[in-house]
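Take a look at the structure below.
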Amino acid sequence: RIAPCAVFGDELDDRARIRNEVATLVTNEDFSKLESMADTYRTSKSRTSSGIWHLTIFYSGIYSAFNIRNKDPAFWSQAEQLMKRWLAAYPSSTTAPLAYARMLRNHGWSIRGGGYANTVESQNWKPFREYNERARAYLEKYKEIASRDPYWYALMAEIATVQEWHEAEFERLIAEGLQREPLFYQLYFAAIDYYAPKWGGTAEAVEKFARQAVTKTKASEGFGMYARTYWYASETQYDDRLFSDSLVDWSTMKKGIDDILKKYP
């Protein structure tokens, strides 16, 4: 009976270990090790015991290194200089441009704050939008190199959400990303943010995309992506109101949970 708890502990330990190691490597400017880790995770497509890509957790470590709760302008000035040193040391890197764009977005969020829109001070909107636009322009400029990593599409989807892209434009982005790597869960989760009511979407749009996720991944995941997308939606949108406020179908959700447990017991 204790085995599942032990595995869950291993999962959390695995995530924390990678995330903390990456954040420390960024602080110590060990760019060689960061490049090696990202290349390994990207090539191997290795996963945790629950199926989450190690590559996703690697970028979670980058996110942690550039803490959005830090509002000190000196910290962000130093962060920008650090990233420029990484880019100069590895001008052909796939990873460094993504880390730089992540840093820019985090800087913007540090100014905006993480609260609802009605809590944001009016003077903070302009720099928030400017840093997101800088990140978008940078990702577009280095797309040929950086989009070899599926995280490029997840980052662009995050930007598309806050910039309120038209749905047709957003769909083209997601379709291209999933064509290149249909099993990168983080892109599905980034898309759920765009479609969720919290960002101006609808429950119908979330349900439609969850069904599309199943179609895209069924050969490998069964109905697993239906459960994963709604788990994510529950965490970020619905909390404990998932079965009252969304259009989730329990019978399909149950199939998804069963399929995930078969693949990742």
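Chain identifiers are assigned as A, B, and so on, following the order in which chains appear in the structure tokens; residues are numbered from 1 within each chain, and ligands are numbered from 1 in order of appearance.
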Each residue of segment 123-220 of chain A lying at most 10 Å from segment 243-248 of chain A should get a row with its shortest atom-to-atom pair and the distance in Å to one decimal, counting only C-alpha atoms; could you produce that, ordered by chain and increasing number, as a Markdown table?
```
| residue | atom | partner | partner_atom | distance |
| --- | --- | --- | --- | --- |
| A:Ala196 | CA | A:Ser246 | CA | 9.6 |
| A:Pro197 | CA | A:Ser246 | CA | 9.7 |
| A:Thr202 | CA | A:Ser246 | CA | 8.8 |
| A:Ala203 | CA | A:Ser246 | CA | 5.3 |
| A:Glu204 | CA | A:Leu247 | CA | 6.8 |
| A:Ala205 | CA | A:Leu247 | CA | 9.5 |
| A:Val206 | CA | A:Leu247 | CA | 8.1 |
| A:Glu207 | CA | A:Leu247 | CA | 6.1 |
| A:Lys208 | CA | A:Leu247 | CA | 9.5 |
| A:Ala210 | CA | A:Val248 | CA | 8.9 |
```
Closest-contact table, segment 129-196 of chain A side, partner segment 35-45 of chain A, 10 Å, counting only C-alpha atoms, as a Markdown table:
```
| residue | atom | partner | partner_atom | distance |
| --- | --- | --- | --- | --- |
| A:Arg148 | CA | A:Arg42 | CA | 9.0 |
| A:Asp149 | CA | A:Arg42 | CA | 6.8 |
| A:Pro150 | CA | A:Arg42 | CA | 8.5 |
| A:Tyr151 | CA | A:Arg42 | CA | 9.7 |
| A:Leu183 | CA | A:Lys45 | CA | 9.6 |
| A:Phe184 | CA | A:Lys45 | CA | 9.0 |
```
Would you put the residues from that selection into a file with all heavy atoms, as a PDB file, in the first residue's frame?
```
ATOM      1  N   ARG A 148      13.529  24.130 -32.805  1.00  0.00           N
ATOM      2  CA  ARG A 148      13.903  22.709 -32.753  1.00  0.00           C
ATOM      3  C   ARG A 148      13.521  22.113 -31.408  1.00  0.00           C
ATOM      4  O   ARG A 148      13.446  20.895 -31.249  1.00  0.00           O
ATOM      5  CB  ARG A 148      15.415  22.560 -32.975  1.00  0.00           C
ATOM      6  CG  ARG A 148      15.891  23.041 -34.342  1.00  0.00           C
ATOM      7  CD  ARG A 148      17.405  23.099 -34.405  1.00  0.00           C
ATOM      8  NE  ARG A 148      17.881  23.717 -35.642  1.00  0.00           N
ATOM      9  CZ  ARG A 148      19.126  24.094 -35.872  1.00  0.00           C
ATOM     10  NH1 ARG A 148      20.048  23.907 -34.922  1.00  0.00           N
ATOM     11  NH2 ARG A 148      19.466  24.648 -37.018  1.00  0.00           N
ATOM     12  N   ASP A 149      13.304  22.988 -30.457  1.00  0.00           N
ATOM     13  CA  ASP A 149      12.866  22.598 -29.116  1.00  0.00           C
ATOM     14  C   ASP A 149      11.363  22.870 -29.029  1.00  0.00           C
ATOM     15  O   ASP A 149      10.915  23.978 -29.321  1.00  0.00           O
ATOM     16  CB  ASP A 149      13.614  23.456 -28.081  1.00  0.00           C
ATOM     17  CG  ASP A 149      13.364  23.033 -26.648  1.00  0.00           C
ATOM     18  OD1 ASP A 149      12.194  22.791 -26.289  1.00  0.00           O
ATOM     19  OD2 ASP A 149      14.344  22.967 -25.879  1.00  0.00           O
ATOM     20  N   PRO A 150      10.534  21.889 -28.619  1.00  0.00           N
ATOM     21  CA  PRO A 150       9.081  22.111 -28.582  1.00  0.00           C
ATOM     22  C   PRO A 150       8.656  23.191 -27.599  1.00  0.00           C
ATOM     23  O   PRO A 150       7.541  23.716 -27.686  1.00  0.00           O
ATOM     24  CB  PRO A 150       8.517  20.741 -28.184  1.00  0.00           C
ATOM     25  CG  PRO A 150       9.650  20.036 -27.494  1.00  0.00           C
ATOM     26  CD  PRO A 150      10.889  20.518 -28.199  1.00  0.00           C
ATOM     27  N   TYR A 151       9.537  23.536 -26.667  1.00  0.00           N
ATOM     28  CA  TYR A 151       9.201  24.586 -25.712  1.00  0.00           C
ATOM     29  C   TYR A 151       9.035  25.936 -26.409  1.00  0.00           C
ATOM     30  O   TYR A 151       8.351  26.817 -25.880  1.00  0.00           O
ATOM     31  CB  TYR A 151      10.294  24.658 -24.634  1.00  0.00           C
ATOM     32  CG  TYR A 151       9.961  25.579 -23.475  1.00  0.00           C
ATOM     33  CD1 TYR A 151       8.921  25.268 -22.595  1.00  0.00           C
ATOM     34  CD2 TYR A 151      10.691  26.740 -23.244  1.00  0.00           C
ATOM     35  CE1 TYR A 151       8.623  26.100 -21.529  1.00  0.00           C
ATOM     36  CE2 TYR A 151      10.399  27.574 -22.184  1.00  0.00           C
ATOM     37  CZ  TYR A 151       9.366  27.253 -21.331  1.00  0.00           C
ATOM     38  OH  TYR A 151       9.068  28.077 -20.274  1.00  0.00           O
ATOM     39  N   LEU A 183       3.572  14.939 -28.744  1.00  0.00           N
ATOM     40  CA  LEU A 183       3.475  14.401 -27.391  1.00  0.00           C
ATOM     41  C   LEU A 183       4.106  15.304 -26.332  1.00  0.00           C
ATOM     42  O   LEU A 183       4.350  14.860 -25.213  1.00  0.00           O
ATOM     43  CB  LEU A 183       4.121  13.005 -27.335  1.00  0.00           C
ATOM     44  CG  LEU A 183       3.438  11.941 -28.202  1.00  0.00           C
ATOM     45  CD1 LEU A 183       4.185  10.616 -28.092  1.00  0.00           C
ATOM     46  CD2 LEU A 183       1.972  11.765 -27.820  1.00  0.00           C
ATOM     47  N   PHE A 184       4.346  16.569 -26.681  1.00  0.00           N
ATOM     48  CA  PHE A 184       4.890  17.507 -25.696  1.00  0.00           C
ATOM     49  C   PHE A 184       3.729  18.108 -24.917  1.00  0.00           C
ATOM     50  O   PHE A 184       3.043  19.019 -25.373  1.00  0.00           O
ATOM     51  CB  PHE A 184       5.708  18.595 -26.385  1.00  0.00           C
ATOM     52  CG  PHE A 184       6.458  19.481 -25.431  1.00  0.00           C
ATOM     53  CD1 PHE A 184       7.396  18.951 -24.554  1.00  0.00           C
ATOM     54  CD2 PHE A 184       6.244  20.848 -25.415  1.00  0.00           C
ATOM     55  CE1 PHE A 184       8.095  19.761 -23.666  1.00  0.00           C
ATOM     56  CE2 PHE A 184       6.935  21.674 -24.542  1.00  0.00           C
ATOM     57  CZ  PHE A 184       7.865  21.125 -23.657  1.00  0.00           C
TER      58      PHE A 184
END
```
Report summary line: What separates atom CA of Gly61 of chain A and atom CA of Gln237 of chain A is a distance of 23.3 Å
Query - Counting only C-alpha atoms, the residue of A:Trp199, A:Tyr100, A:Ile62, A:Gln81 that sits nearest Tyr116 of chain A - result: A:Trp199
Report task. Compile the contact shell of Met253 of chain A as number ranges by chain: residues with an atom at most 10 Å away, counting only C-alpha atoms, same-chain residues fewer than 6 positions apart removed. Result -> A: 223-231, 259
Report task. Check the smallest atom-to-atom distance from each of A:Ala23, A:Ser50, A:Glu167, A:Ser32 to Lys262 of chain A using only C-alpha atoms, then report the winner. Result ->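 Under the stated criterion, the closest residue is A:Ser50.
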Report task. Using DSSP on the backbone coordinates, identify all residues within segment 9-233 of chain A classified as helix (DSSP H, G or I); present the result as a ChimeraX atom specification. Result -> /A:9-27,31-44,54-65,73-89,95-112,117-119,122-141,143-146,151-163,167-180,185-195,197-199,203-221,224-233
Query raised in the report: Quick one: of A:His54, A:Thr48, A:Trp76, A:Tyr194, who's nearest to Glu169 of chain A, counting only C-alpha atoms?
Result: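 Looking at the shortest contact to Glu169 of chain A, the residue is A:Tyr194.
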